[in-house]
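Here is the file run-v1.txt (compact mmCIF, C-alpha atoms).
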```txt
# COMPACT_ATOMS: atom_id res chain seq x y z
CA MET A 1 -22.18 8.23 -22.20
CA SER A 2 -19.82 5.92 -20.38
CA PHE A 3 -16.34 6.77 -19.17
CA GLN A 4 -13.43 6.20 -21.53
CA LEU A 5 -9.74 5.60 -21.00
CA PRO A 6 -8.07 8.83 -22.11
CA PRO A 7 -5.12 8.40 -24.49
CA LEU A 8 -1.68 9.24 -23.11
CA PRO A 9 -0.40 12.61 -24.38
CA TYR A 10 2.90 10.88 -25.31
CA ASP A 11 4.41 7.46 -26.04
CA TYR A 12 5.07 4.98 -23.25
CA GLN A 13 8.84 5.37 -23.31
CA VAL A 14 9.15 9.17 -23.23
CA LEU A 15 9.44 9.49 -19.45
CA GLU A 16 12.48 7.19 -19.39
CA PRO A 17 14.69 6.79 -17.48
CA PHE A 18 12.60 8.29 -14.65
CA VAL A 19 9.41 6.33 -15.21
CA ASP A 20 9.98 3.22 -17.27
CA LYS A 21 8.14 2.27 -20.44
CA GLU A 22 6.78 -1.03 -19.13
CA THR A 23 5.29 0.64 -16.05
CA MET A 24 3.67 3.38 -18.17
CA ASN A 25 2.18 0.75 -20.46
CA LEU A 26 0.81 -1.46 -17.67
CA HIS A 27 -0.28 1.49 -15.59
CA HIS A 28 -2.29 3.00 -18.47
CA THR A 29 -3.56 -0.04 -20.40
CA LYS A 30 -4.25 -2.32 -17.43
CA HIS A 31 -4.67 -0.43 -14.17
CA HIS A 32 -6.37 2.73 -15.45
CA GLN A 33 -8.41 0.72 -17.98
CA ALA A 34 -9.67 -1.50 -15.14
CA TYR A 35 -10.79 1.55 -13.13
CA VAL A 36 -12.70 2.80 -16.19
CA ASN A 37 -14.35 -0.58 -16.84
CA ASN A 38 -15.29 -1.07 -13.20
CA LEU A 39 -16.56 2.49 -12.89
CA ASN A 40 -18.85 2.00 -15.87
CA GLY A 41 -20.17 -1.11 -14.21
CA ALA A 42 -20.77 0.68 -10.93
CA THR A 43 -22.62 3.87 -11.91
CA LYS A 44 -24.56 5.45 -14.74
CA ASP A 45 -23.66 9.00 -13.62
CA SER A 46 -21.20 10.77 -15.91
CA ASP A 47 -19.82 13.83 -14.11
CA ILE A 48 -16.67 12.49 -12.49
CA VAL A 49 -15.96 15.70 -10.55
CA ALA A 50 -19.46 15.75 -9.09
CA ILE A 51 -19.14 12.06 -8.24
CA CYS A 52 -15.90 12.72 -6.32
CA GLN A 53 -17.36 15.70 -4.50
CA ASN A 54 -20.41 13.67 -3.47
CA ILE A 55 -18.63 10.39 -2.93
CA LYS A 56 -20.47 9.67 0.31
CA ASN A 57 -23.61 9.06 -1.75
CA TYR A 58 -21.98 6.33 -3.78
CA PRO A 59 -21.04 2.71 -3.09
CA VAL A 60 -17.42 1.80 -2.38
CA ALA A 61 -16.91 0.51 -5.94
CA VAL A 62 -17.50 4.03 -7.23
CA ARG A 63 -15.15 5.53 -4.62
CA ASN A 64 -12.34 3.16 -5.63
CA ASN A 65 -12.83 3.21 -9.38
CA GLY A 66 -14.16 6.76 -9.77
CA GLY A 67 -11.25 8.03 -7.71
CA GLY A 68 -8.91 5.86 -9.75
CA HIS A 69 -10.24 7.21 -13.04
CA TYR A 70 -10.07 10.87 -11.98
CA ASN A 71 -6.65 10.58 -10.37
CA HIS A 72 -5.02 8.76 -13.26
CA SER A 73 -6.62 10.95 -15.94
CA LEU A 74 -4.79 13.92 -14.46
CA PHE A 75 -1.67 11.92 -13.54
CA TRP A 76 -0.78 11.36 -17.21
CA LYS A 77 -1.03 15.10 -17.78
CA TRP A 78 0.98 15.98 -14.70
CA MET A 79 3.95 14.34 -16.38
CA ALA A 80 5.79 15.24 -19.59
CA PRO A 81 9.07 14.28 -21.23
CA VAL A 82 12.11 16.23 -20.07
CA GLY A 83 12.53 19.41 -22.07
CA SER A 84 8.89 19.83 -23.05
CA SER A 85 7.88 21.97 -20.07
CA ASN A 86 9.33 24.49 -17.66
CA VAL A 87 11.34 22.74 -14.96
CA ALA A 88 9.70 24.77 -12.19
CA PRO A 89 6.42 26.56 -11.50
CA THR A 90 6.07 30.06 -12.93
CA GLY A 91 3.89 33.14 -12.45
CA THR A 92 1.32 33.45 -9.72
CA LEU A 93 1.62 29.83 -8.65
CA LYS A 94 5.36 30.25 -8.12
CA GLU A 95 4.73 33.31 -5.92
CA LYS A 96 2.02 31.49 -4.03
CA ILE A 97 4.31 28.49 -3.42
CA GLU A 98 7.09 30.74 -2.18
CA ALA A 99 4.73 32.67 0.08
CA THR A 100 3.28 29.46 1.54
CA PHE A 101 6.30 27.17 1.83
CA GLY A 102 9.28 29.54 1.63
CA SER A 103 10.54 28.17 -1.65
CA VAL A 104 9.72 25.67 -4.38
CA ASP A 105 12.33 23.32 -2.89
CA GLU A 106 10.66 23.48 0.51
CA MET A 107 7.32 22.68 -1.12
CA LYS A 108 8.91 19.69 -2.87
CA LYS A 109 10.36 18.49 0.44
CA LYS A 110 6.96 18.60 2.12
CA PHE A 111 5.30 16.90 -0.85
CA THR A 112 8.00 14.22 -0.89
CA ASP A 113 7.48 13.66 2.82
CA ALA A 114 3.72 13.25 2.33
CA ALA A 115 4.40 10.73 -0.44
CA LEU A 116 6.92 8.80 1.68
CA THR A 117 4.81 8.64 4.81
CA ARG A 118 1.61 7.44 3.13
CA PHE A 119 1.63 3.83 4.39
CA GLY A 120 0.26 1.32 1.91
CA SER A 121 -1.39 2.54 -1.29
CA GLY A 122 -2.33 6.13 -1.98
CA TRP A 123 -1.47 9.49 -3.45
CA ALA A 124 0.33 12.68 -2.43
CA TRP A 125 -1.24 16.01 -3.38
CA LEU A 126 -0.58 19.71 -3.81
CA GLY A 127 -3.86 21.59 -3.88
CA VAL A 128 -5.83 24.75 -3.27
CA LYS A 129 -8.20 24.96 -0.32
CA LYS A 130 -11.51 26.79 -0.24
CA ASP A 131 -9.87 29.84 1.30
CA GLY A 132 -7.43 29.99 -1.62
CA SER A 133 -4.42 28.78 0.34
CA LEU A 134 -2.08 26.06 -0.92
CA ALA A 135 -1.73 22.81 1.02
CA ILE A 136 -0.05 19.41 0.78
CA SER A 137 -1.65 16.16 1.88
CA SER A 138 -1.89 12.47 1.11
CA THR A 139 -4.85 10.12 0.75
CA ALA A 140 -5.26 6.37 0.93
CA ASN A 141 -6.00 4.07 -1.99
CA GLN A 142 -7.85 5.97 -4.76
CA ASP A 143 -9.29 8.69 -2.54
CA ASN A 144 -8.58 12.28 -3.58
CA PRO A 145 -8.95 15.69 -1.89
CA LEU A 146 -12.18 16.48 -3.78
CA MET A 147 -13.92 13.77 -1.75
CA ALA A 148 -15.77 15.74 0.90
CA GLY A 149 -16.07 13.92 4.19
CA VAL A 150 -13.44 11.38 3.17
CA ALA A 151 -10.21 13.30 2.60
CA ASP A 152 -8.45 14.69 5.69
CA VAL A 153 -7.72 17.88 3.79
CA GLU A 154 -10.37 18.94 1.31
CA MET A 155 -8.92 20.90 -1.56
CA ILE A 156 -8.70 21.13 -5.34
CA PRO A 157 -5.68 19.05 -6.42
CA ILE A 158 -3.35 20.69 -8.95
CA LEU A 159 -0.55 18.11 -8.69
CA GLY A 160 -0.67 14.49 -7.60
CA LEU A 161 1.74 11.56 -7.30
CA ASP A 162 0.67 7.93 -7.38
CA VAL A 163 2.48 5.96 -4.64
CA TRP A 164 0.70 2.65 -5.16
CA GLU A 165 3.47 0.08 -5.62
CA HIS A 166 2.33 -0.58 -9.21
CA ALA A 167 3.40 2.98 -10.06
CA TYR A 168 7.06 2.25 -9.38
CA TYR A 169 7.77 -1.36 -8.43
CA LEU A 170 9.12 -2.73 -11.73
CA LYS A 171 11.94 -0.17 -11.77
CA TYR A 172 12.36 0.85 -8.13
CA GLN A 173 11.05 -2.13 -6.11
CA ASN A 174 10.85 -1.03 -2.47
CA ARG A 175 12.80 2.21 -3.10
CA ARG A 176 9.86 4.58 -3.06
CA GLY A 177 12.09 7.48 -2.06
CA GLU A 178 14.17 7.08 -5.19
CA TYR A 179 11.02 6.94 -7.36
CA ILE A 180 9.73 10.19 -5.85
CA GLN A 181 13.09 11.89 -6.31
CA GLN A 182 13.28 10.86 -9.97
CA TRP A 183 9.64 11.71 -10.65
CA TRP A 184 10.27 15.42 -10.02
CA ASN A 185 12.26 15.36 -13.30
CA VAL A 186 9.13 14.70 -15.34
CA VAL A 187 6.60 16.96 -13.61
CA ASN A 188 4.78 19.04 -16.22
CA TRP A 189 4.88 22.39 -14.43
CA ASP A 190 3.22 24.23 -17.32
CA GLU A 191 0.17 22.02 -16.89
CA VAL A 192 0.20 22.47 -13.11
CA VAL A 193 0.36 26.26 -13.56
CA LYS A 194 -2.52 26.06 -16.05
CA TYR A 195 -4.61 24.08 -13.55
CA TYR A 196 -3.94 26.68 -10.89
CA ASP A 197 -4.59 29.72 -13.12
CA ASN A 198 -7.64 28.43 -14.97
CA PHE A 199 -9.34 26.30 -12.35
CA ALA A 200 -8.13 26.00 -8.78
CA SER A 201 -7.51 29.69 -8.15
CA LYS A 202 -11.15 30.25 -9.18
CA ASN A 203 -12.30 27.55 -6.77
CA ASN A 204 -13.11 25.13 -9.60
CA PRO A 205 -11.91 21.53 -9.66
CA VAL A 206 -9.78 20.55 -12.63
CA PRO A 207 -11.94 18.73 -15.21
CA ILE A 208 -10.48 15.63 -16.81
CA ASN A 209 -11.27 16.52 -20.40
CA GLN A 210 -9.91 19.87 -21.39
CA MET B 1 24.53 -12.57 32.37
CA PHE B 2 24.07 -9.27 30.59
CA ALA B 3 20.31 -9.59 30.78
CA ASN B 4 20.59 -9.86 34.57
CA ILE B 5 22.81 -6.78 34.78
CA ALA B 6 20.33 -4.93 32.63
CA ARG B 7 17.45 -5.95 34.86
CA VAL B 8 19.23 -4.86 38.02
CA LEU B 9 20.16 -1.52 36.54
CA ALA B 10 16.65 -0.98 35.27
CA GLN B 11 15.17 -1.74 38.66
CA SER B 12 17.67 0.38 40.56
CA SER B 13 16.82 3.61 38.87
CA LYS B 14 13.92 4.68 36.72
CA LYS B 15 16.16 7.18 34.98
CA CYS B 16 18.78 4.60 34.08
CA LEU B 17 18.19 2.93 30.72
CA PRO B 18 18.97 -0.80 30.66
CA LEU B 19 22.15 -1.74 28.84
CA VAL B 20 20.41 -4.37 26.78
CA ARG B 21 16.86 -4.36 25.46
CA SER B 22 15.78 -7.15 23.19
CA LYS B 23 15.32 -6.13 19.60
CA HIS B 24 13.35 -7.88 16.92
CA SER B 25 15.31 -9.56 14.19
CA LEU B 26 14.50 -10.71 10.68
CA PRO B 27 13.69 -14.44 10.83
CA ASP B 28 15.46 -16.61 8.26
CA LEU B 29 13.38 -18.04 5.47
CA PRO B 30 12.83 -21.78 6.02
CA TYR B 31 13.96 -22.37 2.40
CA ASP B 32 16.05 -20.82 -0.39
CA PHE B 33 14.75 -17.83 -2.33
CA ASN B 34 13.97 -20.04 -5.34
CA ALA B 35 12.13 -22.75 -3.40
CA LEU B 36 8.66 -21.42 -4.21
CA GLU B 37 9.22 -21.17 -7.97
CA PRO B 38 7.40 -21.10 -10.30
CA VAL B 39 4.57 -19.80 -8.13
CA ILE B 40 6.62 -17.04 -6.51
CA SER B 41 9.88 -16.05 -8.19
CA ALA B 42 13.23 -16.01 -6.41
CA GLU B 43 13.54 -12.31 -7.19
CA ILE B 44 10.29 -11.53 -5.38
CA MET B 45 11.23 -13.71 -2.40
CA GLN B 46 14.57 -11.98 -2.06
CA VAL B 47 13.23 -8.42 -2.22
CA HIS B 48 10.20 -9.28 -0.12
CA HIS B 49 12.27 -10.84 2.66
CA GLN B 50 15.50 -8.83 2.56
CA LYS B 51 13.98 -5.41 1.88
CA HIS B 52 10.31 -5.22 2.85
CA HIS B 53 10.28 -7.52 5.88
CA ALA B 54 13.70 -6.25 7.01
CA THR B 55 12.40 -2.67 6.88
CA TYR B 56 9.40 -3.53 9.04
CA VAL B 57 11.77 -5.12 11.58
CA ASN B 58 14.11 -2.12 11.62
CA ASN B 59 11.30 0.40 11.85
CA LEU B 60 9.57 -1.63 14.57
CA ASN B 61 12.76 -1.52 16.63
CA VAL B 62 12.99 2.25 16.12
CA ALA B 63 9.34 2.73 17.11
CA GLU B 64 9.71 0.57 20.23
CA GLU B 65 12.83 2.48 21.23
CA LYS B 66 10.94 5.76 20.90
CA LEU B 67 8.03 4.26 22.85
CA PHE B 68 10.35 3.28 25.67
CA GLU B 69 11.88 6.76 25.74
CA ALA B 70 8.45 8.41 25.72
CA LYS B 71 7.42 6.25 28.66
CA GLN B 72 10.64 7.14 30.49
CA ARG B 73 9.80 10.81 29.97
CA GLY B 74 6.29 10.18 31.17
CA SER B 75 4.77 11.46 27.93
CA VAL B 76 1.50 9.71 27.22
CA SER B 77 0.96 11.94 24.21
CA ASP B 78 4.22 10.88 22.58
CA GLN B 79 3.42 7.23 23.25
CA ILE B 80 0.07 7.60 21.54
CA ALA B 81 1.69 9.35 18.58
CA LEU B 82 3.67 6.17 17.96
CA THR B 83 0.65 3.87 17.57
CA SER B 84 0.59 4.12 13.76
CA ALA B 85 4.27 3.25 13.45
CA LEU B 86 3.82 0.31 15.82
CA LYS B 87 0.81 -0.99 13.93
CA PHE B 88 2.39 -0.61 10.50
CA ASN B 89 5.75 -2.09 11.34
CA GLY B 90 4.73 -4.47 14.11
CA GLY B 91 1.91 -5.74 11.95
CA GLY B 92 4.28 -6.08 9.00
CA HIS B 93 6.70 -8.11 11.13
CA ILE B 94 3.98 -10.36 12.55
CA ASN B 95 2.31 -10.96 9.20
CA HIS B 96 5.45 -11.74 7.23
CA SER B 97 6.89 -13.95 9.96
CA ILE B 98 3.77 -16.11 9.66
CA PHE B 99 3.69 -15.90 5.86
CA TRP B 100 7.09 -17.49 5.24
CA THR B 101 6.15 -20.51 7.37
CA ILE B 102 2.79 -21.27 5.75
CA LEU B 103 4.36 -21.63 2.32
CA CYS B 104 6.70 -24.42 1.23
CA LYS B 105 8.29 -25.90 -1.86
CA ASP B 106 5.67 -27.68 -3.99
CA GLY B 107 3.05 -27.28 -1.25
CA THR B 108 1.51 -30.17 0.67
CA SER B 109 -1.56 -32.31 0.30
CA GLU B 110 -4.81 -30.62 1.25
CA PRO B 111 -5.61 -29.95 4.93
CA GLU B 112 -6.06 -33.03 7.09
CA GLY B 113 -7.28 -33.94 10.55
CA GLU B 114 -9.02 -31.43 12.79
CA LEU B 115 -8.43 -28.56 10.37
CA ALA B 116 -9.98 -30.46 7.46
CA GLU B 117 -13.03 -31.26 9.58
CA ALA B 118 -13.38 -27.63 10.65
CA ILE B 119 -13.11 -26.43 7.05
CA LYS B 120 -15.79 -28.87 5.93
CA ARG B 121 -18.02 -27.85 8.85
CA ASP B 122 -17.61 -24.08 8.40
CA PHE B 123 -17.38 -23.75 4.61
CA GLY B 124 -18.91 -26.92 3.19
CA SER B 125 -15.73 -28.05 1.51
CA TYR B 126 -12.06 -27.20 1.05
CA GLN B 127 -12.78 -25.84 -2.44
CA ARG B 128 -15.48 -23.52 -1.15
CA MET B 129 -13.08 -22.22 1.49
CA VAL B 130 -10.46 -21.61 -1.20
CA ASP B 131 -12.99 -19.84 -3.44
CA LEU B 132 -13.99 -17.52 -0.61
CA LEU B 133 -10.41 -16.77 0.40
CA VAL B 134 -9.49 -16.10 -3.24
CA ALA B 135 -12.44 -13.73 -3.68
CA THR B 136 -11.74 -11.95 -0.39
CA SER B 137 -8.02 -11.52 -1.10
CA THR B 138 -8.50 -10.50 -4.73
CA GLY B 139 -11.14 -7.95 -3.77
CA ILE B 140 -9.02 -5.99 -1.30
CA GLN B 141 -8.69 -2.37 -2.42
CA GLY B 142 -5.14 -1.15 -2.23
CA SER B 143 -2.82 -3.04 0.11
CA GLY B 144 -3.71 -5.72 2.63
CA TRP B 145 -3.98 -9.41 3.50
CA GLY B 146 -6.66 -12.07 3.09
CA TRP B 147 -6.84 -14.43 6.07
CA LEU B 148 -8.24 -17.77 7.08
CA GLY B 149 -8.53 -17.33 10.83
CA TYR B 150 -9.93 -19.09 13.88
CA ASN B 151 -12.53 -17.61 16.20
CA LYS B 152 -11.81 -19.30 19.51
CA GLN B 153 -14.87 -17.92 21.27
CA LEU B 154 -17.24 -19.39 18.70
CA ASN B 155 -15.00 -22.33 17.73
CA ARG B 156 -15.38 -21.37 14.10
CA LEU B 157 -13.15 -20.67 11.13
CA ASP B 158 -13.62 -17.37 9.36
CA ILE B 159 -12.26 -15.55 6.32
CA VAL B 160 -11.60 -11.83 6.53
CA ALA B 161 -9.56 -9.10 4.87
CA CYS B 162 -7.23 -6.78 6.74
CA ALA B 163 -6.02 -3.47 5.35
CA ASN B 164 -2.37 -2.55 5.03
CA GLN B 165 -0.36 -4.42 7.70
CA ASP B 166 -3.14 -4.52 10.31
CA PRO B 167 -2.40 -7.74 12.20
CA LEU B 168 -5.30 -10.20 12.23
CA GLN B 169 -5.44 -11.10 15.91
CA ALA B 170 -5.01 -7.59 17.31
CA THR B 171 -7.54 -6.22 14.82
CA THR B 172 -10.24 -8.91 14.81
CA GLY B 173 -9.43 -11.34 17.61
CA LEU B 174 -9.11 -14.19 15.09
CA HIS B 175 -6.08 -16.46 15.36
CA PRO B 176 -4.16 -16.32 12.07
CA LEU B 177 -3.92 -19.63 10.20
CA PHE B 178 -3.32 -18.98 6.49
CA GLY B 179 -2.75 -15.51 5.08
CA ILE B 180 -2.22 -14.16 1.57
CA ASP B 181 -0.19 -10.96 1.17
CA VAL B 182 -1.84 -8.95 -1.61
CA TRP B 183 0.33 -5.85 -1.37
CA GLU B 184 1.54 -5.36 -4.94
CA HIS B 185 5.13 -5.95 -3.79
CA ALA B 186 4.15 -9.58 -3.09
CA TYR B 187 3.50 -10.35 -6.76
CA TYR B 188 4.02 -7.43 -9.13
CA LEU B 189 7.45 -8.29 -10.55
CA GLN B 190 6.07 -11.61 -11.76
CA TYR B 191 2.30 -11.28 -12.15
CA LYS B 192 2.05 -7.52 -12.86
CA ASN B 193 -1.59 -6.45 -12.43
CA ALA B 194 -2.89 -10.06 -12.51
CA ARG B 195 -3.49 -10.38 -8.78
CA PRO B 196 -6.14 -13.15 -9.25
CA ASP B 197 -3.56 -15.41 -10.94
CA TYR B 198 -1.14 -15.01 -8.02
CA VAL B 199 -3.82 -15.57 -5.39
CA LYS B 200 -5.15 -18.71 -7.09
CA SER B 201 -1.63 -20.10 -7.59
CA ILE B 202 -0.58 -19.65 -3.98
CA PHE B 203 -2.54 -22.72 -2.95
CA LYS B 204 0.00 -24.82 -4.90
CA ILE B 205 2.63 -23.87 -2.33
CA ALA B 206 0.49 -23.88 0.81
CA ASN B 207 2.09 -25.63 3.77
CA TRP B 208 -1.05 -27.13 5.30
CA ARG B 209 1.02 -29.09 7.84
CA LYS B 210 2.11 -25.78 9.36
CA VAL B 211 -1.44 -24.41 9.22
CA GLU B 212 -2.71 -27.55 11.00
CA GLU B 213 -0.08 -26.91 13.68
CA LEU B 214 -1.22 -23.27 14.07
CA PHE B 215 -4.83 -24.43 14.29
CA GLY B 216 -3.96 -27.02 16.92
CA LYS B 217 -2.14 -24.41 19.02
CA ALA B 218 -5.01 -21.92 18.71
CA ARG B 219 -7.59 -24.53 19.67
CA HIS B 220 -5.80 -26.16 22.56
CA ASP B 221 -3.57 -23.52 24.15
```
What is this structure when it is put down as C-alpha cells?
Amino acid sequence: MSFQLPPLPYDYQVLEPFVDKETMNLHHTKHHQAYVNNLNGATKDSDIVAICQNIKNYPVAVRNNGGGHYNHSLFWKWMAPVGSSNVAPTGTLKEKIEATFGSVDEMKKKFTDAALTRFGSGWAWLGVKKDGSLAISSTANQDNPLMAGVADVEMIPILGLDVWEHAYYLKYQNRRGEYIQQWWNVVNWDEVVKYYDNFASKNNPVPINQ
Amino acid sequence: MFANIARVLAQSSKKCLPLVRSKHSLPDLPYDFNALEPVISAEIMQVHHQKHHATYVNNLNVAEEKLFEAKQRGSVSDQIALTSALKFNGGGHINHSIFWTILCKDGTSEPEGELAEAIKRDFGSYQRMVDLLVATSTGIQGSGWGWLGYNKQLNRLDIVACANQDPLQATTGLHPLFGIDVWEHAYYLQYKNARPDYVKSIFKIANWRKVEELFGKARHD
C-alpha cells in the first residue's frame, strides 16, 4: 500500500488572514504531494513512524521525503480556523508546560526563538522526551525529532512549525518573525493536547492516520 | 586621516577600541530591479537585495563586532560560539555579492575563450555543463547554492552543491565562477514550487563575460 496525500481537514482559505489561501493550496497540493510521490518512489516500506525512527537505515531520498510526508501530515492537523479550538493548551499538558517553562507564554517564546534561529530550511518542535519531560528544538530540512541519530534532541513531536520559506514567503516574504507570531493564532491546541494525552505521554509517536 | 588615528589608538592600548572599524556594506546592484525580467521579477530582485542580502550584511557586521569584543576579552570560547553566525551571514554576503554580478539583462553569448575551452575539456560541452549544474542545483534539499567552480590545484572545473549559505571557497577550496541561489526566496514569488523552471531559465541572464573574468583571475592570480 503506497503512501497517500491526506486531505486537508478544512478548505484552503480558512486559516486566513494568518496563513494565506494560496500558500495552503501550493503547500498541500504541490509540496506535500511531491514528498508523497518521491517517497513512494524511494521505498516500499509503509510504516512511516518506523521509517523515521530507523532513518539511518534508509537512503537520503527517504529521509527527505519520508520526513516531509510525516511532518506535513501532522502540520495540517496542528492548525485549525480561529474559533474551532481552544486558544491555549488545557489539562495535563497545560500543567506540564507551566511546570517546565514557567508559563504557556514562556514556552511560546522559546518555541518562537527555535523557529527564528533555524538557519535555512527546517522545523521547530515541541515534544516529549523518553523521560517524559517536555522540550523544544529545531531540525534542518525535513528531519524530525523521531529520527534517532539524526535529530539533536530525540523526542516525540506534539507540535511543529514549518519554517521552510515556501511555508510563508508569498504572504510574509523575509519576515519570518511575523509569520511565526501570526501562526500562533491558528494552532489547534485541542489536537496538540490529544497528541500528548493519547500518544506522547505514553511514549508513543503520533501516527499520521488517526 | 581617521583610519590613521584609529590605528594609533589601537596600537597604543590593547584595551582601547579603535574609533573606526570598517564595516561591510550592501553593494549596489549593477542594474535596476527590473533588468532581469522576465526571468527574475523586479519584486524578487528588490526583496532579495534590499531585505535578504541587507540582513546578511547587517548580521555579519554584528557578528564581527562581537568577535572583536570576544577577542579583546580574551575569550576563545565566545569567539568559537560565533562561527555559525559568521558562516551564515558572511557566506550570505559573499554569495550574493557574486550573484548580482554574474547575471545581466538579457544575458550574454555563451562562454568564450579560456573558459569555453575549459568547459569543453572538463564537461564535454557547454550543454553538458549546464545539464549537470541544473541537476545539481535542482536536487539540493532545502536551501543552498549550485556552483560552477575552479579547482586551481588540479586546473579543473567542477560542479558542486553547497548547503545554506556555506561559501564555496571556504568550504571546498573551489574558486566560485557561476552560482545559482536555490533558496526558495530566490524564486518563490514568481515560480512557486517550480524550482527546475527557474534554474533552467537563469542561463538566459547569465553574464558569461563576468564569469570569464572571474575564471581569468582565479587561474592567473
For chain A, work out the contacting residues on chain B at 6 Å, counting only C-alpha atoms, and write them as number ranges by chain. B: 142-143, 164, 184, 189
The residue from B:Gly139, B:Gly179, B:Pro196, B:Gly113 with the smallest atom-to-atom distance to Ile98 of chain B, counting all atoms listed in the file, is B:Gly179
Within 6 Å of Tyr150 of chain B using all atoms listed in the file, minus same-chain residues under 4 positions, as an NGL selection string: :B and (156-157 or 174-175)
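Between atom CA of Ala42 of chain B and atom CA of Lys200 of chain B lies a distance of 18.6 Å.
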Using all atoms listed in the file, determine which residues lie at most 9 Å from Asp158 of chain B, disregarding the query and same-chain residues fewer than 2 positions distant; provide the list as a PDB file with C-alpha atoms, in the frame of the given file.
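Below you can see around11.pdb, which holds the result:
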```
ATOM      1  CA  ASP B 122     -17.610 -24.080   8.400  1.00  0.00           C
ATOM      2  CA  PHE B 123     -17.380 -23.750   4.610  1.00  0.00           C
ATOM      3  CA  TRP B 147      -6.840 -14.430   6.070  1.00  0.00           C
ATOM      4  CA  LEU B 148      -8.240 -17.770   7.080  1.00  0.00           C
ATOM      5  CA  GLY B 149      -8.530 -17.330  10.830  1.00  0.00           C
ATOM      6  CA  TYR B 150      -9.930 -19.090  13.880  1.00  0.00           C
ATOM      7  CA  ASN B 151     -12.530 -17.610  16.200  1.00  0.00           C
ATOM      8  CA  ARG B 156     -15.380 -21.370  14.100  1.00  0.00           C
ATOM      9  CA  VAL B 160     -11.600 -11.830   6.530  1.00  0.00           C
ATOM     10  CA  LEU B 174      -9.110 -14.190  15.090  1.00  0.00           C
TER      11      LEU B 174
END
```
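Those residues that approach Phe18 of chain A to within 10 Å, counting all atoms listed in the file, are A:Pro81, A:Val82, A:Tyr168, A:Lys171, A:Tyr172, A:Glu178, A:Tyr179, A:Ile180, A:Gln181, A:Gln182, A:Trp183, A:Trp184, A:Asn185, A:Val186; same-chain residues fewer than 6 positions away are not listed.
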Based on the selection just made, write C-alpha atoms of those residues as a PDB file, in the coordinates of the input.
```pdb
ATOM      1  CA  PRO A  81       9.070  14.280 -21.230  1.00  0.00           C
ATOM      2  CA  VAL A  82      12.110  16.230 -20.070  1.00  0.00           C
ATOM      3  CA  TYR A 168       7.060   2.250  -9.380  1.00  0.00           C
ATOM      4  CA  LYS A 171      11.940  -0.170 -11.770  1.00  0.00           C
ATOM      5  CA  TYR A 172      12.360   0.850  -8.130  1.00  0.00           C
ATOM      6  CA  GLU A 178      14.170   7.080  -5.190  1.00  0.00           C
ATOM      7  CA  TYR A 179      11.020   6.940  -7.360  1.00  0.00           C
ATOM      8  CA  ILE A 180       9.730  10.190  -5.850  1.00  0.00           C
ATOM      9  CA  GLN A 181      13.090  11.890  -6.310  1.00  0.00           C
ATOM     10  CA  GLN A 182      13.280  10.860  -9.970  1.00  0.00           C
ATOM     11  CA  TRP A 183       9.640  11.710 -10.650  1.00  0.00           C
ATOM     12  CA  TRP A 184      10.270  15.420 -10.020  1.00  0.00           C
ATOM     13  CA  ASN A 185      12.260  15.360 -13.300  1.00  0.00           C
ATOM     14  CA  VAL A 186       9.130  14.700 -15.340  1.00  0.00           C
TER      15      VAL A 186
END
```
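Residues with any atom within 10 Å of segment 211-213 of chain B, counting all atoms listed in the file and excluding same-chain neighbours fewer than 3 positions away, are Ile98, Thr101, Ile102, Leu103, Pro111, Glu112, Gly113, Glu114, Leu115, Ala116, Leu148, Pro176, Leu177, Phe178, Gly179, Ala206, Asn207, Trp208, Gly216, Lys217, Ala218 and Arg219 of chain B.
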Would you put the residues from that selection into a file with C-alpha atoms, as a PDB file, in the frame of the given file?
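What landed in part_27.pdb:
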```
ATOM      1  CA  ILE B  98       3.770 -16.110   9.660  1.00  0.00           C
ATOM      2  CA  THR B 101       6.150 -20.510   7.370  1.00  0.00           C
ATOM      3  CA  ILE B 102       2.790 -21.270   5.750  1.00  0.00           C
ATOM      4  CA  LEU B 103       4.360 -21.630   2.320  1.00  0.00           C
ATOM      5  CA  PRO B 111      -5.610 -29.950   4.930  1.00  0.00           C
ATOM      6  CA  GLU B 112      -6.060 -33.030   7.090  1.00  0.00           C
ATOM      7  CA  GLY B 113      -7.280 -33.940  10.550  1.00  0.00           C
ATOM      8  CA  GLU B 114      -9.020 -31.430  12.790  1.00  0.00           C
ATOM      9  CA  LEU B 115      -8.430 -28.560  10.370  1.00  0.00           C
ATOM     10  CA  ALA B 116      -9.980 -30.460   7.460  1.00  0.00           C
ATOM     11  CA  LEU B 148      -8.240 -17.770   7.080  1.00  0.00           C
ATOM     12  CA  PRO B 176      -4.160 -16.320  12.070  1.00  0.00           C
ATOM     13  CA  LEU B 177      -3.920 -19.630  10.200  1.00  0.00           C
ATOM     14  CA  PHE B 178      -3.320 -18.980   6.490  1.00  0.00           C
ATOM     15  CA  GLY B 179      -2.750 -15.510   5.080  1.00  0.00           C
ATOM     16  CA  ALA B 206       0.490 -23.880   0.810  1.00  0.00           C
ATOM     17  CA  ASN B 207       2.090 -25.630   3.770  1.00  0.00           C
ATOM     18  CA  TRP B 208      -1.050 -27.130   5.300  1.00  0.00           C
ATOM     19  CA  GLY B 216      -3.960 -27.020  16.920  1.00  0.00           C
ATOM     20  CA  LYS B 217      -2.140 -24.410  19.020  1.00  0.00           C
ATOM     21  CA  ALA B 218      -5.010 -21.920  18.710  1.00  0.00           C
ATOM     22  CA  ARG B 219      -7.590 -24.530  19.670  1.00  0.00           C
TER      23      ARG B 219
END
```
Distance atom CA of His24 of chain B-atom CA of Ser97 of chain B, one decimal place? 11.3 Å
Just the residues within 8 Å of segment 79-82 of chain B, please, counting all atoms listed in the file, with nothing from its chain fewer than 4 positions along; format it as an MDAnalysis selection string. chainID B and resid 63 66:67 70:71 75 86
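Take atom CA of Ser137 of chain A and atom CA of Ala85 of chain B: the distance between them is 18.3 Å.
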Around (5.1, -6.7, 8.6), as given in the file, which residues come within 8 Å? Count all atoms listed in the file and list them as a compact mmCIF listing (two decimals) with C-alpha atoms, in the coordinates of the input.
```txt
# COMPACT_ATOMS: atom_id res chain seq x y z
CA HIS B 52 10.31 -5.22 2.85
CA HIS B 53 10.28 -7.52 5.88
CA TYR B 56 9.40 -3.53 9.04
CA VAL B 57 11.77 -5.12 11.58
CA PHE B 88 2.39 -0.61 10.50
CA ASN B 89 5.75 -2.09 11.34
CA GLY B 90 4.73 -4.47 14.11
CA GLY B 91 1.91 -5.74 11.95
CA GLY B 92 4.28 -6.08 9.00
CA HIS B 93 6.70 -8.11 11.13
CA ILE B 94 3.98 -10.36 12.55
CA ASN B 95 2.31 -10.96 9.20
CA HIS B 96 5.45 -11.74 7.23
CA SER B 97 6.89 -13.95 9.96
CA GLN B 165 -0.36 -4.42 7.70
```
